[in-house]
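input.tsv, holding TSV, C-alpha atoms:
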chain	number	residue	atom	x	y	z
A	16	MET	CA	89.66	70.59	80.09
A	17	THR	CA	92.26	73.24	80.65
A	18	GLU	CA	94.62	72.68	83.50
A	19	GLU	CA	95.79	75.96	84.85
A	20	ARG	CA	97.96	77.05	87.71
A	21	LYS	CA	98.42	80.71	88.47
A	22	ASN	CA	100.33	82.70	91.04
A	23	LEU	CA	99.90	86.07	92.67
A	24	VAL	CA	102.28	87.78	95.05
A	25	PHE	CA	100.78	90.62	97.05
A	26	SER	CA	101.66	92.72	100.08
A	27	ALA	CA	99.10	94.27	102.37
A	28	PRO	CA	99.31	97.20	102.71
A	29	PRO	CA	99.16	98.64	100.09
A	30	ASP	CA	97.39	95.73	98.38
A	31	ASP	CA	94.08	94.48	99.72
A	32	VAL	CA	91.59	91.71	98.93
A	33	ASP	CA	90.62	93.45	95.71
A	34	ALA	CA	93.97	92.22	94.34
A	35	VAL	CA	92.77	88.65	94.98
A	36	HIS	CA	89.46	89.31	93.22
A	37	GLU	CA	91.25	90.74	90.18
A	38	PHE	CA	93.62	87.79	90.12
A	39	LEU	CA	90.70	85.34	90.26
A	40	GLU	CA	89.17	87.04	87.22
A	41	THR	CA	92.19	85.88	85.23
A	42	VAL	CA	91.83	82.36	86.66
A	43	TRP	CA	88.18	82.17	85.60
A	44	GLU	CA	88.96	83.56	82.14
A	45	ALA	CA	91.50	80.76	81.66
A	46	ASN	CA	89.09	78.11	83.01
A	47	LEU	CA	85.74	78.69	81.39
A	48	GLY	CA	84.63	75.16	82.30
A	49	VAL	CA	84.34	75.97	86.00
A	50	SER	CA	80.67	76.34	86.92
A	51	GLU	CA	79.23	79.60	88.16
A	52	PHE	CA	78.43	78.06	91.53
A	53	ASP	CA	81.92	76.60	91.98
A	54	ARG	CA	83.47	79.97	91.17
A	55	MET	CA	81.20	81.77	93.58
A	56	ALA	CA	81.77	79.32	96.44
A	57	PHE	CA	85.53	79.12	95.92
A	58	GLU	CA	85.99	82.87	95.51
A	59	THR	CA	84.00	83.52	98.68
A	60	ALA	CA	86.12	81.03	100.66
A	61	LEU	CA	89.42	82.35	99.29
A	62	ILE	CA	88.49	85.98	99.97
A	63	GLU	CA	87.53	85.06	103.55
A	64	LEU	CA	90.90	83.37	103.99
A	65	ALA	CA	92.87	86.29	102.49
A	66	SER	CA	90.86	88.82	104.56
A	67	ASN	CA	91.60	86.90	107.74
A	68	VAL	CA	95.32	86.80	106.98
A	69	ILE	CA	95.44	90.52	106.08
A	70	GLN	CA	93.40	91.54	109.11
A	71	HIS	CA	95.40	89.53	111.62
A	72	ALA	CA	98.69	90.80	110.22
A	73	ALA	CA	97.62	94.45	110.27
A	74	GLY	CA	98.97	94.87	113.81
A	75	GLU	CA	102.32	93.33	112.83
A	76	GLY	CA	103.02	95.96	110.19
A	77	GLY	CA	101.64	94.09	107.22
A	78	VAL	CA	102.11	90.83	105.39
A	79	THR	CA	103.35	89.47	102.08
A	80	CYS	CA	101.46	86.56	100.55
A	81	VAL	CA	102.07	84.15	97.73
A	82	LEU	CA	98.82	82.76	96.38
A	83	THR	CA	98.63	79.81	94.01
A	84	VAL	CA	95.36	78.71	92.47
A	85	GLU	CA	94.96	75.53	90.49
A	86	ALA	CA	91.99	74.38	88.45
A	87	ASP	CA	91.78	70.91	86.94
A	88	GLU	CA	89.18	68.28	86.15
A	89	ASN	CA	88.85	67.37	89.84
A	90	GLY	CA	88.17	70.84	91.15
A	91	LEU	CA	89.74	73.98	92.48
A	92	SER	CA	92.51	74.38	95.00
A	93	ALA	CA	94.48	77.26	96.43
A	94	SER	CA	97.45	77.67	98.68
A	95	LEU	CA	98.22	80.93	100.43
A	96	ALA	CA	101.64	81.32	102.05
A	97	ASP	CA	102.08	84.36	104.27
A	98	THR	CA	104.89	85.95	106.25
A	99	ALA	CA	102.87	86.71	109.41
A	100	ASP	CA	103.78	85.36	112.84
A	101	ALA	CA	102.48	81.88	113.65
A	102	GLY	CA	99.30	81.36	115.59
A	103	GLY	CA	97.38	84.46	114.56
A	104	ILE	CA	94.37	82.51	113.32
A	105	VAL	CA	92.93	79.46	115.03
A	106	LEU	CA	91.48	76.91	112.65
A	107	MET	CA	89.20	74.84	114.76
A	108	ASP	CA	85.76	73.81	113.72
A	109	ARG	CA	83.88	77.04	114.02
A	110	SER	CA	80.16	77.38	114.32
A	111	MET	CA	78.33	80.43	113.05
A	112	PRO	CA	78.11	83.12	115.73
A	113	ASP	CA	74.87	84.70	116.91
A	114	GLU	CA	72.92	86.29	114.06
A	115	LEU	CA	73.52	89.83	115.37
A	116	SER	CA	77.26	89.31	115.74
A	117	GLU	CA	79.29	91.65	113.52
A	118	SER	CA	82.29	89.33	113.12
A	119	GLY	CA	83.55	85.79	113.60
A	120	ARG	CA	81.97	84.18	110.53
A	121	GLY	CA	85.01	83.94	108.23
A	122	ILE	CA	86.32	80.50	109.15
A	123	ALA	CA	82.81	79.01	109.45
A	124	LEU	CA	82.01	80.29	105.96
A	125	ILE	CA	85.20	78.80	104.53
A	126	GLN	CA	84.37	75.46	106.14
A	127	ALA	CA	80.88	75.57	104.62
A	128	LEU	CA	82.20	76.30	101.12
A	129	VAL	CA	85.22	74.04	100.63
A	130	ASP	CA	85.87	70.34	101.14
A	131	ASP	CA	89.22	70.80	102.79
A	132	LEU	CA	90.89	73.58	104.78
A	133	ARG	CA	94.38	73.02	106.13
A	134	TYR	CA	97.13	74.95	107.87
A	135	GLU	CA	100.85	74.21	108.14
A	136	ARG	CA	103.79	76.21	109.42
A	137	VAL	CA	106.57	75.81	106.83
A	138	ASP	CA	109.92	77.66	106.93
A	139	GLU	CA	108.58	80.61	108.94
A	140	HIS	CA	105.54	80.92	106.69
A	141	ASN	CA	101.92	80.13	107.39
A	142	VAL	CA	100.61	77.98	104.56
A	143	TRP	CA	96.84	77.77	104.15
A	144	SER	CA	95.31	75.33	101.69
A	145	ILE	CA	91.73	75.02	100.52
A	146	SER	CA	90.20	72.70	97.95
A	147	ARG	CA	86.78	72.23	96.51
A	148	ALA	CA	85.73	69.30	94.33
A	149	ARG	CA	83.99	70.15	91.10
A	150	GLU	CA	80.21	70.02	91.17
A	151	SER	CA	79.04	66.74	89.68
A	152	GLY	CA	78.08	67.08	86.04
A	153	GLY	CA	80.74	69.75	85.36
A	154	SER	CA	82.62	69.66	82.04
B	3	MET	CA	83.55	102.47	97.02
B	4	GLU	CA	81.37	105.47	97.75
B	5	PHE	CA	77.79	105.06	98.85
B	6	GLN	CA	75.03	107.29	97.50
B	7	THR	CA	72.02	108.17	99.62
B	8	GLU	CA	68.52	109.14	98.61
B	9	SER	CA	65.92	110.41	101.08
B	10	ILE	CA	62.33	109.27	100.74
B	11	GLY	CA	59.45	110.68	102.79
B	12	ASP	CA	60.14	111.76	106.36
B	13	ASP	CA	62.37	109.01	107.65
B	14	ILE	CA	63.48	106.62	104.91
B	15	VAL	CA	66.94	106.62	103.38
B	16	VAL	CA	68.06	104.44	100.47
B	17	ILE	CA	71.77	103.67	100.37
B	18	ARG	CA	73.33	102.42	97.15
B	19	GLY	CA	76.82	101.22	96.40
B	20	ASP	CA	78.44	99.89	93.26
B	21	GLY	CA	81.17	97.31	93.80
B	22	ARG	CA	82.27	94.71	96.32
B	23	LEU	CA	81.18	94.96	99.93
B	24	ASN	CA	84.17	93.75	101.93
B	25	MET	CA	86.78	94.82	104.51
B	26	VAL	CA	87.75	97.68	102.20
B	27	SER	CA	84.27	99.17	101.65
B	28	GLY	CA	82.49	97.96	104.82
B	29	PRO	CA	83.62	100.88	107.04
B	30	ALA	CA	82.19	103.40	104.52
B	31	LEU	CA	78.81	101.64	104.61
B	32	ARG	CA	78.80	101.71	108.42
B	33	GLU	CA	79.54	105.45	108.41
B	34	THR	CA	76.89	106.14	105.78
B	35	VAL	CA	74.22	104.34	107.81
B	36	THR	CA	75.28	106.06	111.05
B	37	ARG	CA	75.16	109.51	109.41
B	38	ALA	CA	71.70	108.88	107.95
B	39	VAL	CA	70.29	107.52	111.21
B	40	GLU	CA	71.77	110.36	113.27
B	41	GLY	CA	70.26	112.74	110.72
B	42	GLY	CA	66.81	111.40	111.58
B	43	ARG	CA	66.38	108.72	108.94
B	44	ALA	CA	66.24	105.44	110.85
B	45	ARG	CA	64.30	103.45	108.24
B	46	VAL	CA	67.21	102.35	106.09
B	47	VAL	CA	67.14	100.51	102.78
B	48	VAL	CA	70.41	99.17	101.41
B	49	ASP	CA	70.05	98.58	97.69
B	50	LEU	CA	72.39	95.67	96.90
B	51	SER	CA	71.55	95.39	93.20
B	52	ARG	CA	75.00	96.63	92.17
B	53	ILE	CA	76.94	94.68	94.79
B	54	PRO	CA	78.10	91.51	93.01
B	55	PHE	CA	80.10	90.23	95.99
B	56	MET	CA	79.97	90.46	99.78
B	57	ASP	CA	82.20	88.78	102.36
B	58	SER	CA	81.77	88.41	106.12
B	59	SER	CA	83.28	91.87	106.77
B	60	GLY	CA	80.66	93.36	104.46
B	61	LEU	CA	77.98	91.36	106.22
B	62	GLY	CA	79.30	92.69	109.55
B	63	ALA	CA	78.79	96.24	108.24
B	64	LEU	CA	75.17	95.45	107.29
B	65	ILE	CA	74.51	93.99	110.75
B	66	ALA	CA	76.14	96.99	112.44
B	67	GLY	CA	73.85	99.21	110.36
B	68	LEU	CA	70.82	97.14	111.34
B	69	LYS	CA	71.67	97.59	115.04
B	70	THR	CA	72.30	101.33	114.60
B	71	ALA	CA	68.90	101.75	112.92
B	72	ARG	CA	67.06	99.64	115.50
B	73	GLU	CA	68.57	101.61	118.39
B	74	LYS	CA	66.77	104.66	116.98
B	75	GLY	CA	63.51	102.80	116.54
B	76	GLY	CA	64.06	102.07	112.86
B	77	ASP	CA	65.22	99.11	110.83
B	78	LEU	CA	67.56	98.19	107.98
B	79	ARG	CA	66.22	96.26	105.03
B	80	ILE	CA	68.00	94.96	101.98
B	81	VAL	CA	66.87	95.02	98.38
B	82	GLN	CA	67.89	92.81	95.45
B	83	PRO	CA	70.90	90.87	96.72
B	84	SER	CA	72.95	89.05	94.06
B	85	THR	CA	73.19	85.25	94.09
B	86	GLN	CA	76.53	85.41	95.91
B	87	VAL	CA	75.26	87.87	98.52
B	88	ALA	CA	72.16	85.73	99.09
B	89	MET	CA	74.40	82.67	99.53
B	90	VAL	CA	76.51	84.41	102.21
B	91	LEU	CA	73.37	85.61	104.05
B	92	LYS	CA	71.93	82.10	104.04
B	93	LEU	CA	75.12	80.28	105.08
B	94	SER	CA	75.54	82.82	107.90
B	95	ASN	CA	71.96	82.22	109.13
B	96	VAL	CA	71.31	85.93	108.76
B	97	ASP	CA	68.66	85.66	106.04
B	98	LYS	CA	65.98	85.69	108.72
B	99	ILE	CA	66.97	89.01	110.29
B	100	LEU	CA	67.88	90.47	106.89
B	101	PRO	CA	65.23	89.16	104.50
B	102	ALA	CA	65.56	90.32	100.89
B	103	PHE	CA	62.98	92.60	99.28
B	104	ASP	CA	62.44	93.13	95.57
B	105	SER	CA	62.22	96.90	95.75
B	106	THR	CA	62.49	99.88	98.09
B	107	GLU	CA	58.72	100.30	97.92
B	108	GLU	CA	58.23	96.72	99.04
B	109	ALA	CA	60.85	97.02	101.81
B	110	TYR	CA	58.84	99.73	103.60
B	111	GLY	CA	55.43	98.97	102.20
B	112	ASP	CA	54.11	98.12	105.66

How does this structure look as structure tokens?
Amino acid sequence: MTEERKNLVFSAPPDDVDAVHEFLETVWEANLGVSEFDRMAFETALIELASNVIQHAAGEGGVTCVLTVEADENGLSASLADTADAGGIVLMDRSMPDELSESGRGIALIQALVDDLRYERVDEHNVWSISRARESGGS
Amino acid sequence: MEFQTESIGDDIVVIRGDGRLNMVSGPALRETVTRAVEGGRARVVVDLSRIPFMDSSGLGALIAGLKTAREKGGDLRIVQPSTQVAMVLKLSNVDKILPAFDSTEEAYGD
């Protein structure tokens, strides 16, 4: 099993979530043992997280993020540190909104797709962490 | 991402995109649906066969399009979602209002 840890620094604008997708491609290429479903679930959760951070910081003139993704035999984890003001995103247990609602699903989706979602304020940065255990039977 | 449109019959429009449906491309989908519906085509099909990935912003654009179409007496139906798109629809409890069809013909076969 390959153990891999990769970093991406991005600033939005001009970068957007496509930078995170492209970065994840390199993570998956280096970790071929991660199952299709784990990739899909983790990528969806991480993109929701990054989108939330970018969207909430848009009014503050943008944000710079340092993203670290780690894959090992236990599963996948990511930490996203951003320079936005504290308190922009509230991480309580969120239920899915009404089916015709056009927004408000991001955090609920993340909670459905990962085992752990955490937030800390560290040295004037927001640090978001997600982790997902490997599907049983994975290599 | 740019969305292509194809008119079928009197009031059907098929909208196709190629790429990820997210906060970057979602606004373009909303505009494309609005233009088609205002142009008299309120029965909308969004062909998702070349959309490998959708997030909740992309889903929001689909739901906005559904509401726009319904306001004009039409509907919005989706065709061939990928595994990831189907997963997001299901986890969001939206698969009932946006059921997946196999083809454009099937989507408006009624």

Identify, on the basis of only C-alpha atoms, every residue whose closest approach to Leu115 of chain A does not exceed 10 Å; exclude the query and any residue fewer than 5 positions from it along the same chain; express the result as JSON, numbers by chain.
{"B": [62, 64, 65, 66, 68, 69, 95, 96, 99]}

Near chain A, 12 Å: chain B residue rows, closest pairs, only C-alpha atoms, as CSV:
residue,atom,partner,partner_atom,distance
B:Met3,CA,A:Asp33,CA,11.5
B:Gly21,CA,A:Asp33,CA,10.4
B:Arg22,CA,A:Asp33,CA,8.5
B:Leu23,CA,A:Asp33,CA,10.4
B:Asn24,CA,A:Val32,CA,8.3
B:Met25,CA,A:Ser66,CA,7.3
B:Val26,CA,A:Asp31,CA,7.5
B:Ser27,CA,A:Asp33,CA,10.4
B:Gly28,CA,A:Glu117,CA,11.2
B:Arg32,CA,A:Glu117,CA,11.3
B:Pro54,CA,A:Met55,CA,10.2
B:Phe55,CA,A:Thr59,CA,8.2
B:Met56,CA,A:Thr59,CA,8.1
B:Asp57,CA,A:Glu63,CA,6.6
B:Ser58,CA,A:Gly121,CA,5.9
B:Ser59,CA,A:Ser118,CA,6.9
B:Gly60,CA,A:Glu117,CA,9.3
B:Leu61,CA,A:Glu117,CA,7.4
B:Gly62,CA,A:Glu117,CA,4.1
B:Ala63,CA,A:Glu117,CA,7.0
B:Leu64,CA,A:Glu117,CA,8.4
B:Ile65,CA,A:Glu117,CA,6.0
B:Ala66,CA,A:Glu117,CA,6.3
B:Gly67,CA,A:Glu117,CA,9.8
B:Leu68,CA,A:Leu115,CA,8.8
B:Lys69,CA,A:Leu115,CA,8.0
B:Thr70,CA,A:Leu115,CA,11.6
B:Arg72,CA,A:Leu115,CA,11.7
B:Ser84,CA,A:Met55,CA,11.0
B:Thr85,CA,A:Met55,CA,8.7
B:Gln86,CA,A:Met55,CA,6.4
B:Val87,CA,A:Thr59,CA,9.8
B:Ala88,CA,A:Met55,CA,11.3
B:Met89,CA,A:Ala56,CA,8.7
B:Val90,CA,A:Leu124,CA,7.8
B:Leu91,CA,A:Glu114,CA,10.0
B:Lys92,CA,A:Leu124,CA,10.4
B:Leu93,CA,A:Leu124,CA,6.9
B:Ser94,CA,A:Met111,CA,6.3
B:Asn95,CA,A:Glu114,CA,6.5
B:Val96,CA,A:Glu114,CA,5.6
B:Asp97,CA,A:Glu114,CA,9.1
B:Lys98,CA,A:Glu114,CA,8.8
B:Ile99,CA,A:Glu114,CA,7.6
B:Leu100,CA,A:Glu114,CA,9.7

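If you look at atom CA of Gln82 of chain B and atom CA of Thr34 of chain B, they are 19.1 Å away from each other.
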
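Between atom CA of His71 of chain A and atom CA of Arg147 of chain A the interatomic distance comes to 24.5 Å.
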
Within 9 Å of Cys80 of chain A using all atoms listed in the file, minus same-chain residues under 3 positions, as number ranges by chain:
A: 23-27, 65, 68, 95-99

Atomic separation - atom CA of Phe38 of chain A relative to atom CA of Ser50 of chain A, Å:
17.6 Å

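Of the listed residues (B:Ala109, B:Ala71, B:Ile80, B:Leu50), B:Leu50 comes nearest to Asp20 of chain B; the distances count all atoms listed in the file.
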